[in-house]
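For reference, data.cif is printed below; it contains mmCIF, C-alpha atoms.
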data_target
#
loop_
_atom_site.group_PDB
_atom_site.id
_atom_site.type_symbol
_atom_site.label_atom_id
_atom_site.label_comp_id
_atom_site.auth_asym_id
_atom_site.auth_seq_id
_atom_site.Cartn_x
_atom_site.Cartn_y
_atom_site.Cartn_z
ATOM 1 C CA MET A 28 0.000 0.000 0.000
ATOM 2 C CA ASP A 29 1.442 3.329 -1.055
ATOM 3 C CA GLN A 30 1.567 6.350 1.197
ATOM 4 C CA ILE A 31 -0.566 9.329 0.270
ATOM 5 C CA THR A 32 0.965 12.587 -0.833
ATOM 6 C CA TRP A 33 -0.223 16.067 0.028
ATOM 7 C CA HIS A 34 -0.282 18.241 -3.070
ATOM 8 C CA ASP A 35 -0.385 22.024 -2.979
ATOM 9 C CA THR A 36 -3.475 21.853 -5.199
ATOM 10 C CA TYR A 37 -5.354 20.458 -2.161
ATOM 11 C CA ALA A 38 -4.698 23.649 -0.196
ATOM 12 C CA LEU A 39 -7.719 25.833 0.423
ATOM 13 C CA GLY A 40 -5.678 28.885 1.293
ATOM 14 C CA PHE A 41 -6.851 28.877 4.908
ATOM 15 C CA GLU A 42 -3.892 27.680 6.962
ATOM 16 C CA PRO A 43 -5.738 26.196 9.960
ATOM 17 C CA LEU A 44 -7.824 24.011 7.630
ATOM 18 C CA ASP A 45 -4.853 23.130 5.449
ATOM 19 C CA ASP A 46 -2.759 22.276 8.522
ATOM 20 C CA ASP A 47 -5.500 19.968 9.807
ATOM 21 C CA HIS A 48 -5.721 18.241 6.431
ATOM 22 C CA ARG A 49 -1.949 17.786 6.235
ATOM 23 C CA GLY A 50 -2.055 16.351 9.753
ATOM 24 C CA LEU A 51 -4.700 13.816 8.722
ATOM 25 C CA PHE A 52 -2.534 12.769 5.770
ATOM 26 C CA ASP A 53 0.432 12.400 8.128
ATOM 27 C CA ILE A 54 -1.456 10.133 10.538
ATOM 28 C CA LEU A 55 -2.697 7.954 7.679
ATOM 29 C CA ASN A 56 0.833 7.597 6.332
ATOM 30 C CA LYS A 57 2.048 6.519 9.773
ATOM 31 C CA ILE A 58 -0.774 3.959 9.895
ATOM 32 C CA ILE A 59 0.336 2.618 6.502
ATOM 33 C CA VAL A 60 3.908 2.165 7.774
ATOM 34 C CA ALA A 61 2.721 0.448 10.970
ATOM 35 C CA LEU A 62 0.342 -1.780 9.010
ATOM 36 C CA GLN A 63 3.082 -2.834 6.605
ATOM 37 C CA SER A 64 5.257 -3.735 9.605
ATOM 38 C CA ASP A 65 2.428 -5.704 11.242
ATOM 39 C CA ASP A 66 2.819 -3.405 14.251
ATOM 40 C CA TRP A 67 -0.773 -3.797 15.364
ATOM 41 C CA GLU A 68 -0.551 -1.864 18.621
ATOM 42 C CA THR A 69 1.024 1.184 16.969
ATOM 43 C CA CYS A 70 -1.482 0.936 14.138
ATOM 44 C CA ARG A 71 -4.380 0.762 16.608
ATOM 45 C CA GLN A 72 -3.126 3.777 18.559
ATOM 46 C CA LEU A 73 -2.595 5.784 15.383
ATOM 47 C CA ALA A 74 -6.086 4.845 14.201
ATOM 48 C CA LYS A 75 -7.483 6.137 17.504
ATOM 49 C CA ASN A 76 -5.482 9.339 17.033
ATOM 50 C CA PHE A 77 -6.957 9.673 13.540
ATOM 51 C CA VAL A 78 -10.494 9.397 14.933
ATOM 52 C CA LEU A 79 -9.688 12.040 17.559
ATOM 53 C CA ALA A 80 -8.261 14.320 14.864
ATOM 54 C CA LEU A 81 -11.432 13.915 12.781
ATOM 55 C CA ARG A 82 -13.619 14.633 15.816
ATOM 56 C CA ARG A 83 -11.667 17.831 16.422
ATOM 57 C CA HIS A 84 -11.455 18.925 12.786
ATOM 58 C CA TYR A 85 -14.934 18.271 11.422
ATOM 59 C CA PRO A 86 -16.958 20.426 13.865
ATOM 60 C CA ARG A 87 -14.565 23.330 13.387
ATOM 61 C CA GLU A 88 -14.703 23.042 9.612
ATOM 62 C CA GLU A 89 -18.501 22.837 9.659
ATOM 63 C CA GLN A 90 -18.733 25.821 12.016
ATOM 64 C CA PHE A 91 -16.527 27.789 9.632
ATOM 65 C CA LEU A 92 -18.660 26.779 6.643
ATOM 66 C CA ASN A 93 -21.819 27.869 8.460
ATOM 67 C CA LYS A 94 -20.229 31.152 9.473
ATOM 68 C CA ILE A 95 -19.282 32.034 5.899
ATOM 69 C CA GLY A 96 -22.662 30.979 4.511
ATOM 70 C CA TYR A 97 -21.650 27.912 2.502
ATOM 71 C CA SER A 98 -24.850 26.554 0.971
ATOM 72 C CA LYS A 99 -23.964 22.840 1.129
ATOM 73 C CA VAL A 100 -22.855 22.533 4.758
ATOM 74 C CA GLU A 101 -25.298 19.757 5.612
ATOM 75 C CA GLN A 102 -24.311 17.696 2.571
ATOM 76 C CA HIS A 103 -20.667 18.157 3.542
ATOM 77 C CA ALA A 104 -21.442 17.217 7.165
ATOM 78 C CA VAL A 105 -23.072 13.964 6.018
ATOM 79 C CA HIS A 106 -19.828 13.033 4.282
ATOM 80 C CA HIS A 107 -17.945 13.865 7.492
ATOM 81 C CA ARG A 108 -20.204 11.598 9.565
ATOM 82 C CA GLN A 109 -19.727 8.750 7.084
ATOM 83 C CA MET A 110 -15.963 9.218 7.170
ATOM 84 C CA LEU A 111 -15.918 9.231 10.970
ATOM 85 C CA ALA A 112 -17.981 6.018 11.033
ATOM 86 C CA ARG A 113 -15.466 4.360 8.680
ATOM 87 C CA ALA A 114 -12.587 5.438 10.900
ATOM 88 C CA GLU A 115 -14.314 4.181 14.059
ATOM 89 C CA LYS A 116 -15.037 0.845 12.366
ATOM 90 C CA PHE A 117 -11.347 0.636 11.427
ATOM 91 C CA VAL A 118 -10.341 1.108 15.084
ATOM 92 C CA ALA A 119 -12.830 -1.578 16.158
ATOM 93 C CA GLN A 120 -11.177 -4.082 13.816
ATOM 94 C CA PHE A 121 -8.193 -4.150 16.180
ATOM 95 C CA ASP A 122 -10.381 -5.575 18.964
ATOM 96 C CA LYS A 123 -10.266 -8.905 17.121
ATOM 97 C CA ALA A 124 -7.261 -10.760 15.799
ATOM 98 C CA PRO A 125 -5.961 -8.350 13.136
ATOM 99 C CA ASP A 126 -6.611 -9.385 9.548
ATOM 100 C CA ARG A 127 -4.097 -7.482 7.448
ATOM 101 C CA ASP A 128 -6.066 -7.778 4.186
ATOM 102 C CA LEU A 129 -9.253 -6.515 5.825
ATOM 103 C CA LEU A 130 -7.366 -3.691 7.537
ATOM 104 C CA GLU A 131 -5.727 -2.648 4.265
ATOM 105 C CA ARG A 132 -9.085 -2.607 2.468
ATOM 106 C CA SER A 133 -10.636 -0.561 5.263
ATOM 107 C CA LEU A 134 -7.705 1.839 5.299
ATOM 108 C CA GLN A 135 -7.880 2.247 1.528
ATOM 109 C CA ASP A 136 -11.572 3.105 1.874
ATOM 110 C CA ILE A 137 -10.714 5.739 4.506
ATOM 111 C CA ILE A 138 -7.974 7.191 2.307
ATOM 112 C CA SER A 139 -10.321 7.366 -0.691
ATOM 113 C CA SER A 140 -12.949 9.066 1.441
ATOM 114 C CA LEU A 141 -10.464 11.629 2.774
ATOM 115 C CA LEU A 142 -9.182 12.358 -0.719
ATOM 116 C CA ASP A 143 -12.776 12.796 -1.930
ATOM 117 C CA ASP A 144 -13.391 15.182 0.957
ATOM 118 C CA VAL A 145 -10.265 17.268 0.375
ATOM 119 C CA ARG A 146 -10.219 17.203 -3.431
ATOM 120 C CA GLY A 147 -13.945 17.432 -3.884
ATOM 121 C CA GLY A 148 -16.027 18.755 -1.027
ATOM 122 C CA ASP A 149 -13.531 21.171 0.449
ATOM 123 C CA LEU A 150 -12.399 22.558 -2.881
ATOM 124 C CA ASN A 151 -16.079 23.048 -3.777
ATOM 125 C CA PHE A 152 -16.550 25.390 -0.857
ATOM 126 C CA ARG A 153 -13.439 27.336 -1.874
ATOM 127 C CA THR A 154 -14.977 27.748 -5.341
ATOM 128 C CA ASP A 155 -18.279 28.785 -3.747
ATOM 129 C CA LEU A 156 -16.476 31.454 -1.710
ATOM 130 C CA LEU A 157 -14.772 32.838 -4.776
ATOM 131 C CA GLU A 158 -18.033 32.920 -6.739
ATOM 132 C CA LYS A 159 -19.748 34.790 -3.892
ATOM 133 C CA GLY A 160 -16.851 37.216 -3.784
ATOM 134 C CA LEU A 161 -16.345 36.608 -0.070
ATOM 135 C CA ASP A 162 -13.527 38.698 1.285
ATOM 136 C CA LYS A 163 -10.654 36.322 2.071
ATOM 137 C CA ALA A 164 -9.534 38.461 5.016
ATOM 138 C CA LEU A 165 -13.021 38.275 6.535
ATOM 139 C CA ALA A 166 -13.132 34.503 6.036
ATOM 140 C CA GLU A 167 -9.644 34.252 7.556
ATOM 141 C CA ARG A 168 -10.790 36.163 10.670
ATOM 142 C CA SER A 169 -13.818 33.884 10.981
ATOM 143 C CA LEU A 170 -11.577 30.874 10.736
ATOM 144 C CA GLN A 171 -9.135 32.190 13.329
ATOM 145 C CA SER A 172 -11.951 32.800 15.816
ATOM 146 C CA ILE A 173 -13.011 29.158 15.481
ATOM 147 C CA TRP A 174 -9.537 27.622 15.670
ATOM 148 C CA LEU A 175 -8.472 29.544 18.788
#
Since I need it in another form, could you write the structure as structure tokens?
Amino acid sequence: MDQITWHDTYALGFEPLDDDHRGLFDILNKIIVALQSDDWETCRQLAKNFVLALRRHYPREEQFLNKIGYSKVEQHAVHHRQMLARAEKFVAQFDKAPDRDLLERSLQDIISSLLDDVRGGDLNFRTDLLEKGLDKALAERSLQSIWL
């Protein structure tokens, strides 16, 4: 299983969001390394950390989207809930004897979902902001108030 690469094209131009996304990529890459080494305990702990990172990131992102008037917040939130459920299911798989093939398939599903979120959903709201002519400085201040 190949590690995932952060590309500058994924950046939204809002550093707190971009930093969170890069952090999620980093955790997933560490999970990939642990999984390839059959280091189940490290993999399990990293998977728990990933869930915690999602639980921290998603509400903040959704609050930001609401604050700036993004029209598809609820649709985006549904995707977030589905992604979180996948990640929690992945963690639960470590409660049984680890099955590497099953874990790799589950992890690939999580990676695909995150890439869909970052490349699709999140970039859509950036496009929406630009089309509305939202002042980037105003959006940046809104974001900072949420991330503090």
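The residues returned by the PyMOL selection byres ((chain A and resi 115) around 12) for this structure are A:Arg71, A:Leu73, A:Ala74, A:Lys75, A:Asn76, A:Phe77, A:Val78, A:Leu79, A:Ala80, A:Leu81, A:Arg82, A:Arg108, A:Gln109, A:Met110, A:Leu111, A:Ala112, A:Arg113, A:Ala114, A:Lys116, A:Phe117, A:Val118, A:Ala119, A:Gln120, A:Phe121, A:Asp122, A:Ser133, A:Leu134, A:Ile137.
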Problem - Result set, the PyMOL selection byres ((chain A and resi 38) around 10) on current file, as a PyMOL selection string - result: chain A and resi 33-37+39-42+44-46+48-49+145-146+149-150+153
Exercise for the section: Tell me which of A:Arg132, A:His106, A:Pro125, A:Ser140 sits closest to Trp67 of chain A, counting all atoms listed in the file. Expected result: A:Pro125
Handout entry: Distance of atom CA of Lys123 of chain A from atom CA of Gln63 of chain A, expressed in Å to one decimal place
Key =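 Going from atom CA of Gln63 of chain A over to atom CA of Lys123 of chain A covers 18.0 Å.
For the pair atom CA of Asp136 of chain A and atom CA of Glu89 of chain A, the interatomic distance is 22.3 Å.
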Exercise for the section: Could you jot down the atom CA of Tyr85 of chain A to atom CA of His107 of chain A separation for me, Å, one decimal place? Expected result: 6.6 Å
Handout entry: Best match for closeness to Gln102 of chain A among A:Asp29, A:Ala61, A:Phe152, A:Arg127, counting all atoms listed in the file
Key = A:Phe152
Problem - Contacts of Glu131 of chain A at 8 Å (all atoms listed in the file; same-chain gap of 4+ positions) as a list in words - result: Met28, Leu62, Arg127 and Gln135 of chain A
Give me the box for segment 118-129 of chain A as lines of an AutoDock Vina configuration file, namely the centre and edge lengths in Å to one decimal of a box along x, y and z that holds every listed atom plus 4 Å on each side.
center_x = -8.5
center_y = -4.8
center_z = 11.6
size_x = 16.7
size_y = 19.9
size_z = 22.8
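Residues with any atom within 9 Å of Gln30 of chain A, counting only C-alpha atoms and excluding same-chain neighbours fewer than 6 positions away, are Phe52, Leu55, Asn56, Lys57, Ile59 and Val60 of chain A.
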Exercise for the section: Have a look at A:Asp53, A:Pro43, A:Ala124, A:Val105 and name the one nearest to His84 of chain A; count only C-alpha atoms. Expected result: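 For His84 of chain A, the nearest of the given residues is A:Pro43.
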Problem - Nearest to Arg87 of chain A, chosen from A:Asp47, A:Asp65, A:Glu101, A:Asp155, with all atoms listed in the file counted in the distances - result: A:Asp47
Could you state which residues are captured by the PyMOL selection byres ((chain A and resi 97) around 10) in this file, as a PDB file with C-alpha atoms, in the coordinates of the input?
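Wrote it out as part.pdb, contents follow:
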ATOM      1  CA  GLU A  89     -18.501  22.837   9.659  1.00  0.00           C
ATOM      2  CA  PHE A  91     -16.527  27.789   9.632  1.00  0.00           C
ATOM      3  CA  LEU A  92     -18.660  26.779   6.643  1.00  0.00           C
ATOM      4  CA  ASN A  93     -21.819  27.869   8.460  1.00  0.00           C
ATOM      5  CA  LYS A  94     -20.229  31.152   9.473  1.00  0.00           C
ATOM      6  CA  ILE A  95     -19.282  32.034   5.899  1.00  0.00           C
ATOM      7  CA  GLY A  96     -22.662  30.979   4.511  1.00  0.00           C
ATOM      8  CA  SER A  98     -24.850  26.554   0.971  1.00  0.00           C
ATOM      9  CA  LYS A  99     -23.964  22.840   1.129  1.00  0.00           C
ATOM     10  CA  VAL A 100     -22.855  22.533   4.758  1.00  0.00           C
ATOM     11  CA  GLU A 101     -25.298  19.757   5.612  1.00  0.00           C
ATOM     12  CA  HIS A 103     -20.667  18.157   3.542  1.00  0.00           C
ATOM     13  CA  ASN A 151     -16.079  23.048  -3.777  1.00  0.00           C
ATOM     14  CA  PHE A 152     -16.550  25.390  -0.857  1.00  0.00           C
ATOM     15  CA  ARG A 153     -13.439  27.336  -1.874  1.00  0.00           C
ATOM     16  CA  ASP A 155     -18.279  28.785  -3.747  1.00  0.00           C
ATOM     17  CA  LEU A 156     -16.476  31.454  -1.710  1.00  0.00           C
ATOM     18  CA  LYS A 159     -19.748  34.790  -3.892  1.00  0.00           C
TER      19      LYS A 159
END
Could you add the missing atoms to segment 95-114 of chain A, up to N, CA and C atoms, and return them as a PDB file, in the frame of the given file?
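Listed below is the output, part33.pdb:
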ATOM      1  N   ILE A  95     -19.504  31.316   7.161  1.00  0.00           N
ATOM      2  CA  ILE A  95     -19.282  32.034   5.899  1.00  0.00           C
ATOM      3  C   ILE A  95     -20.441  31.853   4.913  1.00  0.00           C
ATOM      4  N   GLY A  96     -21.469  31.108   5.335  1.00  0.00           N
ATOM      5  CA  GLY A  96     -22.662  30.979   4.511  1.00  0.00           C
ATOM      6  C   GLY A  96     -22.561  29.981   3.374  1.00  0.00           C
ATOM      7  N   TYR A  97     -21.749  28.937   3.540  1.00  0.00           N
ATOM      8  CA  TYR A  97     -21.650  27.912   2.502  1.00  0.00           C
ATOM      9  C   TYR A  97     -22.984  27.186   2.394  1.00  0.00           C
ATOM     10  N   SER A  98     -23.496  27.074   1.190  1.00  0.00           N
ATOM     11  CA  SER A  98     -24.850  26.554   0.971  1.00  0.00           C
ATOM     12  C   SER A  98     -24.984  25.036   1.121  1.00  0.00           C
ATOM     13  N   LYS A  99     -23.881  24.304   1.091  1.00  0.00           N
ATOM     14  CA  LYS A  99     -23.964  22.840   1.129  1.00  0.00           C
ATOM     15  C   LYS A  99     -23.333  22.264   2.396  1.00  0.00           C
ATOM     16  N   VAL A 100     -23.469  22.984   3.504  1.00  0.00           N
ATOM     17  CA  VAL A 100     -22.855  22.533   4.758  1.00  0.00           C
ATOM     18  C   VAL A 100     -23.401  21.177   5.180  1.00  0.00           C
ATOM     19  N   GLU A 101     -24.713  21.012   5.135  1.00  0.00           N
ATOM     20  CA  GLU A 101     -25.298  19.757   5.612  1.00  0.00           C
ATOM     21  C   GLU A 101     -24.842  18.576   4.754  1.00  0.00           C
ATOM     22  N   GLN A 102     -24.798  18.755   3.464  1.00  0.00           N
ATOM     23  CA  GLN A 102     -24.311  17.696   2.571  1.00  0.00           C
ATOM     24  C   GLN A 102     -22.860  17.347   2.922  1.00  0.00           C
ATOM     25  N   HIS A 103     -22.070  18.359   3.180  1.00  0.00           N
ATOM     26  CA  HIS A 103     -20.667  18.157   3.542  1.00  0.00           C
ATOM     27  C   HIS A 103     -20.570  17.450   4.903  1.00  0.00           C
ATOM     28  N   ALA A 104     -21.440  17.825   5.836  1.00  0.00           N
ATOM     29  CA  ALA A 104     -21.442  17.217   7.165  1.00  0.00           C
ATOM     30  C   ALA A 104     -21.816  15.737   7.100  1.00  0.00           C
ATOM     31  N   VAL A 105     -22.707  15.379   6.196  1.00  0.00           N
ATOM     32  CA  VAL A 105     -23.072  13.964   6.018  1.00  0.00           C
ATOM     33  C   VAL A 105     -21.833  13.165   5.623  1.00  0.00           C
ATOM     34  N   HIS A 106     -21.067  13.700   4.693  1.00  0.00           N
ATOM     35  CA  HIS A 106     -19.828  13.033   4.282  1.00  0.00           C
ATOM     36  C   HIS A 106     -18.883  12.896   5.480  1.00  0.00           C
ATOM     37  N   HIS A 107     -18.801  13.921   6.307  1.00  0.00           N
ATOM     38  CA  HIS A 107     -17.945  13.865   7.492  1.00  0.00           C
ATOM     39  C   HIS A 107     -18.395  12.748   8.436  1.00  0.00           C
ATOM     40  N   ARG A 108     -19.701  12.644   8.666  1.00  0.00           N
ATOM     41  CA  ARG A 108     -20.204  11.598   9.565  1.00  0.00           C
ATOM     42  C   ARG A 108     -19.908  10.203   9.013  1.00  0.00           C
ATOM     43  N   GLN A 109     -20.032  10.047   7.702  1.00  0.00           N
ATOM     44  CA  GLN A 109     -19.727   8.750   7.084  1.00  0.00           C
ATOM     45  C   GLN A 109     -18.244   8.417   7.239  1.00  0.00           C
ATOM     46  N   MET A 110     -17.406   9.417   7.042  1.00  0.00           N
ATOM     47  CA  MET A 110     -15.963   9.218   7.170  1.00  0.00           C
ATOM     48  C   MET A 110     -15.599   8.848   8.610  1.00  0.00           C
ATOM     49  N   LEU A 111     -16.183   9.527   9.567  1.00  0.00           N
ATOM     50  CA  LEU A 111     -15.918   9.231  10.970  1.00  0.00           C
ATOM     51  C   LEU A 111     -16.364   7.811  11.314  1.00  0.00           C
ATOM     52  N   ALA A 112     -17.500   7.388  10.797  1.00  0.00           N
ATOM     53  CA  ALA A 112     -17.981   6.018  11.033  1.00  0.00           C
ATOM     54  C   ALA A 112     -17.004   4.997  10.457  1.00  0.00           C
ATOM     55  N   ARG A 113     -16.465   5.266   9.271  1.00  0.00           N
ATOM     56  CA  ARG A 113     -15.466   4.360   8.680  1.00  0.00           C
ATOM     57  C   ARG A 113     -14.232   4.270   9.575  1.00  0.00           C
ATOM     58  N   ALA A 114     -13.789   5.411  10.062  1.00  0.00           N
ATOM     59  CA  ALA A 114     -12.587   5.438  10.900  1.00  0.00           C
ATOM     60  C   ALA A 114     -12.826   4.706  12.221  1.00  0.00           C
TER      61      ALA A 114
END
